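Undergrad: Submitted below is the structure of interest, expressed as structure tokens.
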Amino acid sequence: MNSIQINRQTAFTNETLYMMLEQYKQYLFDDYLPFIDEYVYDKEHGGYFWNTSYKGKQLSSHKRTWYDARGTWVYSYLYKVLDTDPQYLERAKQTLKLLFKAKDTGARFWPWSYDQAGNDLQEREGDIYGNLFVAEALAAYSDASGEQDAWDEAKNILQEAFALYQTKEYRYLLEYTPTKDYPEAEEILGHYMIVLHLCTTLLRLQADTELEEIADYCLEALLQKHYDAELNLMPELRSKAGSGLGESLDQFVYIGHAIETLWMIMDEAKRRKDQELFDLAASRFKFHVEVAKDDLFGGFFHCLDHAKENRFLLDKVLWAQEEVMVGCLILMEERSDEWAYHTFQNTLQYLQQQFILDHLPYKPWKINGNRQMNREEEGIRIENYHHPRHLIFGILTLQKIINRITLNLNSYEK
């Protein structure tokens with residue numbers, strides 16, 4: 001399908017917006033979901049085969065907590081907001097059963113990986129992200145099914161994970177550090193990011209003072225501790241004592257995380273109806289996006305190893321591009337922001353040209369590539385979280401904008 005041209009003059013026309021909406025529906029309902037149904041979802045046991053090529057070849061029957069929990073969130077959220085096909089809810093429930101079967105009741109984390117039936121492969125210890133993604137899956141399932149127990153369990157998992165993270169002894173095994181001298185981190189922006197967004201999700205469903213306190217704590221950490229005023233950037237790592245980690249780590253900005261975090265802060269600001277917080281997050285979001293932009297080959301870098309030396313990892317990953325898109329959609333809906341429309345247009349065209357494999361069945365999207373995105377690969381995984389989340393969010397947001405224009409409202413402001 002041809003890319004849709006968006007600019008200041010055409011952004012508000014029904015024709016353009018309807019074309020974009022239909023395009024997003026095609027990407028989700030005609031391409032992505034049928035691919036998952038045919039090649040990735042395990043209809044016998046629940047869960048998602050972790051390793052699948054772009055052609056749909058199953059490379060392994062192994063599964064992972066991250067993948068299964070995130071897939072459960074997708075089906076639950078899809079059922080709730082777009083399509084009440086009972087199959088989606090049943091698959092979410094089936095995968096939750098597999099996840100709880102896979103976890104040893106005495107273990108602090110869900111397993112890192114397990115076989116098709118849910119038996120721990122003992123590959124390595126799980127991590128705090130796995131637990132938080134299970135909590136996110138339970139929150140979405142609670143919203144879709146109306147089951148209060150799922151909300152309660154999500155809150156319990158979140159509180160336990162956050163309490164563990166706050167201990168002096170907690171360390172996280174880094175897989176994206178710029179130096180081998182710091183393999184285990186104490187304070188990580190990505191942890192606060194997921195905890196905050198999970199609080200936002202749960203609090204939208206049900207008021208809770210304990211979760212409000214956790215959300216406040218995360219906001220302070222993200223806006224102050226993980227913010228460098230000189231750089232106007234959000235470093236990924238900090239020490240629990242608040243002291244510096246040395247220049248090589250203090251200058252490390254995992255900028256894809258920062259971009260994702262900032263749209264999540266905008267989302268939390270919307271929940272709180274806090275205009276000042278929204279404005280601050282929006283301003284920092286735009287700055288991070290501009291810093292991450294690859295002006296030569298298009299798209300955005302996801303990792304800035306050293307800010308002052310302008311030293312980026314030069315590969316491209318799908319999830320980072322799509323987090324830019326989600327933030328732009330929020331600004332398009334809330335502010336009719338010209339910068340957001342322009343960035344959204346350029347990024348969508350870049351994704352269409354570089355990431356979509358039009359020659360393959362169901363037109364899967366690459367998950368990564370080199371800087372020029374000109375490397376031919378068979379693929380070993382299908383993105384099952386950032387990608388469908390971006391598509392669902394795009395459909396919902398475009399529908400809202402179209403509805404407001406149809407009602408002849410002169411502003412998108414709420």
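Lettering and numbering for the structure tokens are positional, with chains as A, B, ... in the shown order, residues counted from 1 in each chain, and ligands counted from 1 in the shown order.
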Please list as an MDAnalysis selection string every residue within 9 Å of A:Ile382, counting only C-alpha atoms and excluding residues in the same chain fewer than 6 positions away.
TA: chainID A and resid 36 40 50:54 364:367
Undergrad: Quick one: residues within 7 Å of A:Ile259, only C-alpha atoms, excluding same-chain residues fewer than 6 positions away - as number ranges by chain?
TA: A: 285, 288-289, 323-324
Undergrad: Take the residues just selected and output them with all heavy atoms as a PDB file, in the first residue's frame.
TA:
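Done, and the output landed in out.pdb:
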ATOM      1  N   PHE A 285      10.453  14.590  25.385  1.00  0.00           N
ATOM      2  CA  PHE A 285      10.252  13.573  24.346  1.00  0.00           C
ATOM      3  C   PHE A 285      10.743  14.079  23.002  1.00  0.00           C
ATOM      4  O   PHE A 285      11.512  13.390  22.307  1.00  0.00           O
ATOM      5  CB  PHE A 285       8.767  13.204  24.270  1.00  0.00           C
ATOM      6  CG  PHE A 285       8.410  12.320  23.105  1.00  0.00           C
ATOM      7  CD1 PHE A 285       8.594  10.947  23.165  1.00  0.00           C
ATOM      8  CD2 PHE A 285       7.879  12.862  21.938  1.00  0.00           C
ATOM      9  CE1 PHE A 285       8.279  10.130  22.080  1.00  0.00           C
ATOM     10  CE2 PHE A 285       7.554  12.060  20.851  1.00  0.00           C
ATOM     11  CZ  PHE A 285       7.747  10.684  20.935  1.00  0.00           C
ATOM     12  N   HIS A 288      14.615  14.210  22.844  1.00  0.00           N
ATOM     13  CA  HIS A 288      15.241  12.894  22.715  1.00  0.00           C
ATOM     14  C   HIS A 288      15.066  12.321  21.303  1.00  0.00           C
ATOM     15  O   HIS A 288      15.979  11.701  20.761  1.00  0.00           O
ATOM     16  CB  HIS A 288      14.666  11.929  23.757  1.00  0.00           C
ATOM     17  CG  HIS A 288      15.249  12.094  25.127  1.00  0.00           C
ATOM     18  ND1 HIS A 288      14.929  13.149  25.948  1.00  0.00           N
ATOM     19  CD2 HIS A 288      16.144  11.335  25.822  1.00  0.00           C
ATOM     20  CE1 HIS A 288      15.593  13.034  27.089  1.00  0.00           C
ATOM     21  NE2 HIS A 288      16.343  11.944  27.036  1.00  0.00           N
ATOM     22  N   VAL A 289      13.896  12.516  20.733  1.00  0.00           N
ATOM     23  CA  VAL A 289      13.652  12.027  19.378  1.00  0.00           C
ATOM     24  C   VAL A 289      14.595  12.708  18.394  1.00  0.00           C
ATOM     25  O   VAL A 289      15.176  12.060  17.504  1.00  0.00           O
ATOM     26  CB  VAL A 289      12.181  12.242  18.982  1.00  0.00           C
ATOM     27  CG1 VAL A 289      11.975  11.978  17.489  1.00  0.00           C
ATOM     28  CG2 VAL A 289      11.264  11.337  19.801  1.00  0.00           C
ATOM     29  N   GLU A 323       8.249   3.253  19.253  1.00  0.00           N
ATOM     30  CA  GLU A 323       8.020   4.069  20.447  1.00  0.00           C
ATOM     31  C   GLU A 323       7.978   5.551  20.074  1.00  0.00           C
ATOM     32  O   GLU A 323       7.233   6.327  20.682  1.00  0.00           O
ATOM     33  CB  GLU A 323       9.097   3.796  21.493  1.00  0.00           C
ATOM     34  CG  GLU A 323       9.123   2.360  22.013  1.00  0.00           C
ATOM     35  CD  GLU A 323       7.744   1.826  22.356  1.00  0.00           C
ATOM     36  OE1 GLU A 323       7.005   2.487  23.112  1.00  0.00           O
ATOM     37  OE2 GLU A 323       7.396   0.746  21.850  1.00  0.00           O
ATOM     38  N   VAL A 324       8.749   5.942  19.082  1.00  0.00           N
ATOM     39  CA  VAL A 324       8.632   7.302  18.554  1.00  0.00           C
ATOM     40  C   VAL A 324       7.225   7.532  18.008  1.00  0.00           C
ATOM     41  O   VAL A 324       6.594   8.567  18.264  1.00  0.00           O
ATOM     42  CB  VAL A 324       9.681   7.547  17.453  1.00  0.00           C
ATOM     43  CG1 VAL A 324       9.428   8.886  16.742  1.00  0.00           C
ATOM     44  CG2 VAL A 324      11.086   7.514  18.033  1.00  0.00           C
TER      45      VAL A 324
END
Undergrad: Name the residues in contact with A:Glu334 at a cut-off of 12 Å, using only C-alpha atoms, excluding same-chain residues fewer than 6 positions from it; report them as a list in words.
TA: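 Contacts, with the query itself left out: Met266, Asp267, Ala269, Lys270, Lys273, Gln275, Phe278, Asp279, Ala282, Gly327, Cys328, Ala340, Tyr341, Thr397, Leu398, Lys400, Ile401, Arg404, Ser411, Tyr412, Glu413 and Lys414 of chain A.
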Undergrad: Can you measure atom CA of A:Gln352 to atom CA of A:Leu314 for me? One decimal in Å is fine.
TA: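 Spanning atom CA of A:Gln352 to atom CA of A:Leu314 is a straight-line distance of 19.7 Å.
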Undergrad: Would you pick out the contacts of stretch 296-308 of chain A at 8 Å or less, using only C-alpha atoms, so that residues sharing its chain but fewer than 2 positions from it are not included, and give the list as an NGL selection string?
TA: :A and (178 or 231 or 248-249 or 251-257 or 289 or 292-294 or 310-317 or 320-321 or 347 or 350-351 or 371-372)
Undergrad: Put those residues in a file: N, CA, C and O atoms, as a compact mmCIF listing (two decimals), in the first residue's frame.
TA:
# COMPACT_ATOMS: atom_id res chain seq x y z
N PRO A 178 27.51 -0.16 27.89
CA PRO A 178 28.59 0.25 26.98
C PRO A 178 29.97 -0.19 27.45
O PRO A 178 30.94 -0.02 26.73
N LEU A 231 22.83 17.84 29.78
CA LEU A 231 22.59 17.19 28.50
C LEU A 231 21.15 17.31 28.03
O LEU A 231 20.85 17.15 26.85
N SER A 248 32.02 7.15 31.65
CA SER A 248 31.57 6.22 30.61
C SER A 248 30.14 5.77 30.84
O SER A 248 29.40 5.50 29.89
N LEU A 249 29.72 5.68 32.11
CA LEU A 249 28.36 5.25 32.41
C LEU A 249 27.41 6.42 32.64
O LEU A 249 26.23 6.34 32.30
N GLN A 251 27.40 9.01 30.99
CA GLN A 251 27.09 9.52 29.66
C GLN A 251 26.29 8.51 28.82
O GLN A 251 26.01 8.77 27.66
N PHE A 252 25.94 7.39 29.42
CA PHE A 252 25.24 6.33 28.70
C PHE A 252 23.73 6.59 28.71
O PHE A 252 23.09 6.60 29.77
N VAL A 253 23.16 6.81 27.54
CA VAL A 253 21.72 7.07 27.39
C VAL A 253 21.14 6.00 26.47
O VAL A 253 21.42 6.00 25.27
N TYR A 254 20.39 5.09 27.04
CA TYR A 254 19.71 4.08 26.22
C TYR A 254 18.46 4.78 25.68
O TYR A 254 17.37 4.65 26.21
N ILE A 255 18.66 5.51 24.59
CA ILE A 255 17.72 6.55 24.22
C ILE A 255 16.36 6.01 23.76
O ILE A 255 15.34 6.69 23.88
N GLY A 256 16.34 4.77 23.28
CA GLY A 256 15.04 4.16 22.97
C GLY A 256 14.19 4.01 24.21
O GLY A 256 12.97 4.26 24.18
N HIS A 257 14.81 3.59 25.32
CA HIS A 257 14.09 3.52 26.60
C HIS A 257 13.59 4.89 27.03
O HIS A 257 12.48 5.04 27.53
N VAL A 289 13.90 12.52 20.73
CA VAL A 289 13.65 12.03 19.38
C VAL A 289 14.59 12.71 18.39
O VAL A 289 15.18 12.06 17.50
N ALA A 292 18.07 11.30 18.71
CA ALA A 292 18.18 9.92 18.22
C ALA A 292 18.07 9.81 16.70
O ALA A 292 18.36 8.76 16.13
N LYS A 293 17.68 10.87 16.03
CA LYS A 293 17.41 10.81 14.59
C LYS A 293 18.68 10.57 13.78
O LYS A 293 19.72 11.17 14.04
N ASP A 294 18.56 9.67 12.83
CA ASP A 294 19.64 9.44 11.87
C ASP A 294 19.32 10.25 10.61
O ASP A 294 18.57 9.81 9.75
N ASN A 310 29.03 11.82 21.31
CA ASN A 310 28.07 11.54 20.23
C ASN A 310 28.30 10.16 19.64
O ASN A 310 28.26 9.95 18.43
N ARG A 311 28.51 9.18 20.53
CA ARG A 311 28.85 7.82 20.11
C ARG A 311 27.61 6.92 20.23
O ARG A 311 27.23 6.52 21.32
N PHE A 312 27.00 6.62 19.09
CA PHE A 312 25.80 5.80 19.02
C PHE A 312 26.13 4.37 18.60
O PHE A 312 27.10 4.14 17.86
N LEU A 313 25.30 3.42 19.01
CA LEU A 313 25.23 2.15 18.30
C LEU A 313 24.50 2.43 17.00
O LEU A 313 23.45 3.08 17.00
N LEU A 314 24.99 1.91 15.90
CA LEU A 314 24.48 2.33 14.60
C LEU A 314 23.43 1.40 14.00
O LEU A 314 22.91 1.67 12.92
N ASP A 315 23.11 0.30 14.71
CA ASP A 315 22.08 -0.58 14.17
C ASP A 315 20.70 0.03 14.40
O ASP A 315 20.54 0.98 15.17
N LYS A 316 19.71 -0.51 13.72
CA LYS A 316 18.33 -0.03 13.86
C LYS A 316 17.46 -1.17 14.40
O LYS A 316 17.59 -2.32 13.97
N VAL A 317 16.58 -0.84 15.33
CA VAL A 317 15.66 -1.82 15.88
C VAL A 317 14.23 -1.30 15.73
O VAL A 317 13.97 -0.11 15.87
N ALA A 320 12.29 0.68 18.75
CA ALA A 320 12.62 2.08 19.00
C ALA A 320 11.88 3.01 18.03
O ALA A 320 11.43 4.10 18.42
N GLN A 321 11.77 2.60 16.78
CA GLN A 321 11.03 3.41 15.80
C GLN A 321 9.56 3.53 16.23
O GLN A 321 8.94 4.60 16.12
N THR A 347 8.52 8.95 9.78
CA THR A 347 8.85 7.65 10.37
C THR A 347 8.02 6.54 9.75
O THR A 347 8.53 5.43 9.50
N TYR A 350 9.53 5.74 6.46
CA TYR A 350 10.77 5.00 6.68
C TYR A 350 10.48 3.54 7.01
O TYR A 350 11.11 2.62 6.47
N LEU A 351 9.52 3.29 7.89
CA LEU A 351 9.16 1.92 8.25
C LEU A 351 8.63 1.15 7.04
O LEU A 351 8.96 -0.02 6.84
N ARG A 371 22.57 -0.11 9.94
CA ARG A 371 22.18 1.30 9.83
C ARG A 371 21.42 1.60 8.55
O ARG A 371 20.43 2.32 8.56
N GLN A 372 21.86 1.02 7.45
CA GLN A 372 21.20 1.28 6.16
C GLN A 372 20.00 0.38 5.93
O GLN A 372 19.27 0.56 4.95
Undergrad: Pick out the residues sitting within 9 Å of stretch 29-34 of chain A, and hand them over as a JSON list (two decimals) with N, CA and C atoms, in the first residue's frame; count only C-alpha atoms, and ignore anything fewer than 6 positions along from it in its own chain.
TA:
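selection20.json, freshly written:
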[["chain", "number", "residue", "atom", "x", "y", "z"],
["A", 361, "PRO", "N", 4.57, -13.79, 2.72],
["A", 361, "PRO", "CA", 3.18, -13.91, 3.19],
["A", 361, "PRO", "C", 2.96, -13.13, 4.48],
["A", 362, "TYR", "N", 1.86, -12.42, 4.55],
["A", 362, "TYR", "CA", 1.47, -11.61, 5.70],
["A", 362, "TYR", "C", 2.38, -10.41, 5.93],
["A", 363, "LYS", "N", 3.30, -10.17, 5.04],
["A", 363, "LYS", "CA", 4.14, -8.97, 5.08],
["A", 363, "LYS", "C", 4.68, -8.67, 6.47],
["A", 364, "PRO", "N", 5.49, -9.56, 7.02],
["A", 364, "PRO", "CA", 6.03, -9.32, 8.36],
["A", 364, "PRO", "C", 6.99, -8.14, 8.39],
["A", 365, "TRP", "N", 7.20, -7.59, 9.58],
["A", 365, "TRP", "CA", 8.10, -6.47, 9.77],
["A", 365, "TRP", "C", 9.40, -6.98, 10.37],
["A", 387, "HIS", "N", 5.34, -3.84, 18.47],
["A", 387, "HIS", "CA", 4.72, -3.71, 17.15],
["A", 387, "HIS", "C", 3.18, -3.73, 17.22],
["A", 388, "PRO", "N", 2.56, -4.78, 17.77],
["A", 388, "PRO", "CA", 1.10, -4.73, 17.84],
["A", 388, "PRO", "C", 0.58, -3.62, 18.74]]
Undergrad: From the list A:Asp115, A:Asp120, A:Asp85, A:Glu90, which residue is nearest A:Tyr48 when using only C-alpha atoms?
TA: A:Asp115
Undergrad: I need the residues in stretch 17-226 of chain A that are alpha helix (DSSP H) according to DSSP; give them as a ChimeraX atom specification.
TA: /A:17-25,33-35,65-81,86-102,128-145,148-166,189-205,209-220
Undergrad: A:Arg124, A:Gln206, A:Arg238, A:Leu396: which is nearest A:Gly146, counting only C-alpha atoms?
TA: A:Gln206
